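K.L.:
The structure is given below, and queries will be raised subsequently.
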Amino acid sequence: MMAASLLRRDKKATAAHLKADLTRTDNSSGLRQLQELLDAVLDPEKPAGDTEALDWCKCLIAGGEGFEEFCKTVRSYDNATLCGLVWTANFVAYRCRTCGISPCMSLCAECFNNGDHTGHDFNMFRSQAGGACDCGDSNVMRESGFCRRHRLRTGENVPSIPRDLLLMSEMVLPRFILYIIQYLRDGYVEPDTSTERDLQKVLQQLEPQISFLEELTKMGGAMRTVLTKILTNQQTFTELSMGQEGNLYAKKNYDKYLSALKNSFLVSVEEKAQSATADVPVGAEGGAGAMALLGTTGPGSPDESNKEEDQDGGQSVGQRKRVKLSSSTRDPRIIESLKHKYFLEELLFWTIKYEFPQKMVTFLLNMLPDQDYKITFTKTFVQHYAFIMKTLMKSHESDTMSNRIVHISVQLFSNEELARHVTEECGLLEVMVTVLLYMMESCLIKSELQDEENSRHVVVNCSEALLKNNTYWPLVSDFINILSHQSVAKRFLEDKSLLMLWMSFVSFFQGMNLNKRELNEHVEFESQTYYAAFAAELEACAQPMWGLLTHCKVKETQEYTKTVVRYCLKTLQMWFDTICFIDEPAPNQVTFHLPLHRYYAMFLSKAVKCQGLDLDSLLPDQEMLMKIMVHPLQIQACLSEIHSNMWVRNGLQIKGQAMTYVQSHFCNSMIDPDIYLLQVCASRLDPDYFISSVFERFKVVDLLTMASQHQNAVLDSEQERPMLEGALTFLVILTSLRIHLGMTDDEILRAEMVSQLCMNDRTHSALLDLIPENPNPKSGIVPGSCSFEDMLSAVADFKAPVFEPGGSMQQGMYTPKAEVWEKEFDPIMVVLRTVYRRDVQSAMDRYSAFLKQFGIHTGNPWPPYKERTQLHPCYKGLIRLLHCKTLHIVIFTLLYKIWMDHQNMSEHVLCMVLYLIELGLDNQVQDSKEDEEPCIEEHCHDSWFPGTNLLSNLHHVINFVRVRVPETAPEVKREAPPSTSTEASAYGQNLREAQVFSLVAERRRKFQEIINRSSSEAAQVVRPKSSSTRWVPPGTPPQLVTEILEIRESMLSLLIKLHQKLSSKQNSLSASWLEDMDTSRHAHGDGITAIERILTKAAARSCQIKRSIQDICGKVCPPVPPKKNSPTDKKAMDKEERRQRARERQQKLLAEFASRQKSFMETAMDVESPETDAAMDLGASEVMESEVLYDCVICGQSGPSTEDRPTGLVVLLQASSVLGHRCKGKDPKNLPTSDEEHIYSADTCGVAHDVRLTLMQRFFKDSSCLQSVSIGWDGGVYVQTCGHTLHIDCHKSYMESLRNDQVLQGFSVDKGEFTCPLCRQFANSVLPCRPGRGTEAGAWHSPTNKKTCVLVKEVEDLQEKLGLFPTESNLSKEMELVIKDIKNTTQKKYMDYGKNPGSPDNDFLFMYSVARTNLELELVHRGGNLCSGGASAAAKRSCLNQLFHVLAMHMRLYSIDSAYNPWTKLTQVTQNKDADVFDGERPEVPMLYRDVPSLLIIFVLTMPQPLRKEHFTCVVKMLFNLQFIQAVAALSTRLSSEERQAWSASGALKKSAANSEKSFEALLYHVISELSKDTCVYKVNEEETTMLSSSVWSPQSIEFSLQQFCLPFLRLSCLLQHHLYGDGLTGCLEEEEFSSLAVCLGLLPSAPQPASAVHSASCLEWPVDAFDLVSQWCAEVTGLSLIHAEQSLTLLVKDPQWAAPHLLQLPDNYNIIFQYYHRKACTGCKKVPKDPALCLVCGAFVCLKGVCCKQQGVCECVLHSQHCGAATGIFLLINASVIIIIRGHRFCLWGSVYLDAHGEEDRDLRRGKPLFLCEERYRVLEQQWVSHTFDHINKRWGPHYNGL
């Protein structure tokens, strides 16, 4: 009752009154009132959307104050010393590796910028999963990195909080939290019945309530304490959770909660018994296992039989062993039900059930700075861990959920103290491993490796969603995170049962994603599961392994390593058993995933390298080693098969696997351990056995015969060579790689770096990425090891980014130093590390380029041989591989085959064979006699070689060899056996020397027997069978016959013969060559050098060899030719000759091709503009007749352009606003980077002209206004050409063919776009060329002697001539079409300036402005003046001449009414006819207001063409007079009244003198006096000028300012004259520009005068009395009654000077832009854009792709580009640091102008390193904008569909 009355009262008053009640000592009535009020307010049966409850809570908590003030007060008591700011995905944060203790450390921008991190290794990153700021937490980062606020521990001296401030909060909040929880209970339905949407709905309704909680946590430490107390108080939970007795709703609500708990699937046995059967997932193979794992039966119950049945019932394949294993180590903590003791637990429970809503996550994390809460929350999290993962596996949104889980767990587990605590208290490790196992058991399948039928092994199925979508990622990530803490890792390594569990987990990945070779047809469907497989092995197996290895670095940790090794072996043994492996791998299948092998290998390596353990103590018996070796060797052989295209029917994905296996992120967890393991096996097994296994695996045994022909049962002949090369290369890698065999970490880093740099120059980031991380962490310097940067500067030079002429951007690159190429280039390492085979070639090409450059070797070099570091003593056995008979026989055979030119031999084979010999010479076996196992020696009658030492075997001569050859082979003898007995006996003796490889197979079988029987029996068994039997693979064609070859060679003699063969000289080595050998030049060179180097080495090691060499070389007679040698000899000779001829032919072709190319380049690059084709040096008469000839680049014909078949220039028309963006100031404007700075566009050229025209249109006649100015400053049409011409009809058919072309083009043919057929430059129209002569020459040029007045009259007559309508012809049609194109190029708004759009006047204005725009732009491109003179590159390609003709023809259709013709006003003093003009009509624009260059263009374009030069000069002279007077008038307004009087006085004197009309003083006096008639003109600016002109005007300064005023007109006239008449432009100094132009235009006599002496007035030439004319012009101004003085002044003073156009000036550091703009709200939609962009032309801030700012379906960037740049936009994307260009309907990514310290771009800010402005690039960007060359230079354009 009371509650009802309270509810009706004012909330604030009630709150104040209650608070007062509660603060009394006896507060029972207050308590009762409050409880009743809360019962009424927080009624969970009301809909959650009702905000009344929330308002009440806010008022109650504030206790009568306003909520905002209350927040402020509470904040002032904030005692937190940690920042703890929580952020969500996509937030920009920082990570500093120098300050971080944990690798997950992160800082918010504020703390980062307020701390001192100069010179640190930091980066900015976009958070993927969300995170929290660690500033102030010394567990995670060093205190030196704290920001100013948290370093001072400001929290510690905050006053303690008054008791009553939070009193109400403590009362109200428990009820409020319960209220939220009741809603959550009520809204939850099990996911199978509901849809995701229902859960989302509940959450949406609760949004305000949860946000309110989140807000509370942000109030600082005081309020957090209140909240954490409530959440972790058991009593509060028990009192409130069940609800009061009689409340039915609360009871039901609580039951719902209990049932949800029950369903959490991890509930204790009693409750589970009934539902156990129902919950087994039917058909899920691992289902039952998982059930057992999570406790279907009580822990350790005696009911074992039940368990067995249970498994069979669940059809669990091969689960028996594993399930027992897991059920015996079950941990009761994981199985018992979740029982909640406080609100925090239930809140987390619902957070999980609702799949981690972001707001809840943030709320729970915001309280972490409170230490007690942190511990409690972590325990709660661990308690719910299994449940979390279960929910994750079921979730549809597993990605989002994963991120949210990691967002929480990374905050908890990064702290070592805390992680250790929960490991001990809550068994975190057991929980994690068990949950991981449980997770993987849900997706197991039977392994098909080896024995498909009987295999009992199960592996994960890589096509399951769990693996494909990396759902296990959060779990593994947490696991790796806690293993990084030493204390936790030690616990893990000490716990045997955990290790065993982990090994069984790893074995699920052993042999996954098995590939079977397709032999018949191509696979239908290429599965892409290998991504999942490699990711799983790397993340779930390798990363934890590296984590554990970091803690096994010192002697003290030996025991751990031994344990792990023991368990690895045990698990491997189990694995061999379950897959039924005996000795031979199954053919044609390979798996790249052997994590157990790799664990074993890496722990072995660590044990030997860091812990000083003895290798043998960790190795198993020989038989086990043989088994271990098989699968890694299989992978190496398969790599070779894949590269030999034997797996091509399996599709591209198998290549993908081979590449991923060696790729930099994987190699040190995959191929490196595999090779190392094989090295260990090779060092401990019998070398002959090992070598023969290798050749057998690589399937090349059959190839290794002395016979010239053989049959190979397993390989096609084209695969034999690559496979043999593969086998030899593998042996070389195996025997020479030292990564795990004794190299230090520094040496490894150096070798890796060198090999990557040798393949290609690399950017810094690419290098960081390419160098395998694990043995050398790149972050955090390991003490005593060399850092990445130091190593880099030791081996490489930095090449700063340069520009290639094509404009392609280069990045800063590192390139190997010369001494690195010379001494350290290691081709073997390169082969090991290349993903693409072409990289090996690239490394060799770069190497040979280096040798050529330094003159070391000019031919084609062979890969250099590199000395190796010393082997660690443990691995000395590896050298025996190089000293075993089997290898020597192979080497001998191959040398022989190469010498004999047998098929399938190659230079690479020889290179590798020589490499092996050299390795053997460099690595001698010590005291080899004792090592020999007598049993082997005794029983193998291979009499090839006496011993195993390579040195002694080198010179051992082999006489006869028995071979098995096909009957057809040339070796098969046709004649009878030898007759004489001596020969016969020798012959018989040699029969025993059988070919070796029959023995290999034999030995394999024997060896197997030796192992399988006990060694005592072995001695009797090993009697070899007769040596003739041969192991024959089944199914071989039988017609092989045995033949005996006479060889009589030793390896040495073969080497020497090969030397002769390579140098193609008979006796290339003289007997004494060893003595005069210069050994230094042996390091680099080709095969010849390599053989010489080997012979020298061998001779140095043994005198006997030295003698043999001299003997062999001494036999000057050619060596005994092998049988049937003569034809091959001849063949060789022919071959050589043929080669020579082919070479000559090729040279000839190349030369011819080069000259052709050269001539093409000349025509293509320097096409003379067609006007200048007519050579000037011909006599005038000839030129008159000659027509210009054009080449059509499509049909190749040359001819004139005619009316019927016109030729046209390929042009690109584009709208441009570059001119409009010019400013008065020389310096570019700065980009604003704070709220105080702004950019104003009022001072730009475009705006100024708009204002001027609008002002004129207010007072003057419209048609006259439209002829007094130019438009096109914004949106003018610019025409440019590549200079190539084509017939217009050819062009049309070309366009047709493009239209039918289905290829995706970067341009739109429908819009008329195409690329020039010759130079491929982008174009969109064709400009017709006028028939007839080229440049107007001869008579048109002849100097004139006519008087000015005559010429003036002639010009007037010419203007009177009406333009004849051109006859209808193809040419005129084309011209009209081009005009249409030009009009379509720009937008309507840039064409219609008149009062009535579309009127002829409007059209007229647009036409002549096109000419003006193109002239002005050419001026800009020439640097704003004509000082440089000459025909610039732009002029060569200029199409102004053609453009003028097209425009002129079009404009002649409009005649100028003679009454209004400005010519008359320019040249005659007219009688005043005022009465007629002002009858209601507006006046004409006065001459002094008109734009003189516009008048010039109008005159030239409207007079009949071709115009004689004398008339052109006359027009220019008349207009110069007007321009000069305008200059004088403008100047006069800038003088103060005193100065005006002074100058008038001096001018009055001059006026009376002779020639006064050419004196500026006289004219100035006259203008001043005339304009003063209308008193107001000078009044306006009296006040201003006195302020401005502190400087006194001298005659020089006046002269200078007049020249400056007239210069733009002169430049334009000059350019026009240059294009119309082909006059050259003379270069000059800037001071002399005025006089030089005046001479050029004929205003001054050509006598060169010193620049200072030229007076601008002396250029004047008046047709009538100057003063009358000037009076008339001034009268037009003073006679205006309507116009105000100020406006009159504005029109009078126009300054034609504009500075060159510039883009905005950007700040040097990108961070300044980023920090200001990436959070700035858009001016349009007031939201912070997802993709903000900046216009670099005007600084506008726009939303890229933002739907918010779309208008009529066009996004904001495109809109802005149309508005600001007439469809050209340059935008900087803030979040990506790149620039995009929008051009019309296309766009392209231009690149970035910000580079990091290593000269690299950082697109999308992925690396987040500090970026700095690259001035060079920015200049290039500006240059491309000004010169309109974006379309030509940037190649990758795409349509944007208005979506940017």
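By order of appearance in the structure tokens: chains A, B, ..., then residues from 1 within every chain, and ligands from 1 in the order shown.
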Which neighbours of His597 (chain A) fall inside 10 Å, counting only C-alpha atoms, when residues of the same chain fewer than 2 positions from it are skipped, and could you give them as a list of chain:residue names?
P.N.:
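The contact residues come out as A:Gln510, A:Cys568, A:Leu569, A:Thr571, A:Leu572, A:His593, A:Leu594, A:Pro595, A:Tyr599, A:Tyr600, A:Ala601, A:Met602, A:Ile628, A:Met629, A:His631, A:Pro632, A:Met670, A:Pro673, A:Asp674, A:Leu677.
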K.L.:
With distances taken over only C-alpha atoms, which residue among A:Gln383, A:Gln1214, A:Ser605, A:Gln205 lies nearest Thr51 (chain A)?
P.N.:
A:Gln205
K.L.:
Could you tell me how far CA of Lys1224 (chain A) sits from CA of Val1420 (chain A), in Å to one decimal place?
P.N.:
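These atoms are spaced 14.1 Å apart.
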K.L.:
Near region 399-407 of chain A, counting only C-alpha atoms, which residues have an atom at most 8 Å away, once you skip same-chain residues fewer than 6 positions from it, shown as a ChimeraX atom specification?
P.N.:
/A:128-131,355-356,358,361,392,469,471,473-474,477-478
K.L.:
How far is it from CA of Val802 (chain A) to CA of Glu1815 (chain A), in Å with one decimal?
P.N.:
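According to the coordinates, CA of Val802 (chain A) and CA of Glu1815 (chain A) are separated by 11.8 Å.
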K.L.:
My list of candidates is A:Met503, A:Leu881, A:Arg962, A:Leu895. Which is closest to Ala707 (chain A) when distances are computed with only C-alpha atoms?
P.N.:
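Among the listed residues, the smallest separation from Ala707 (chain A) belongs to A:Arg962.
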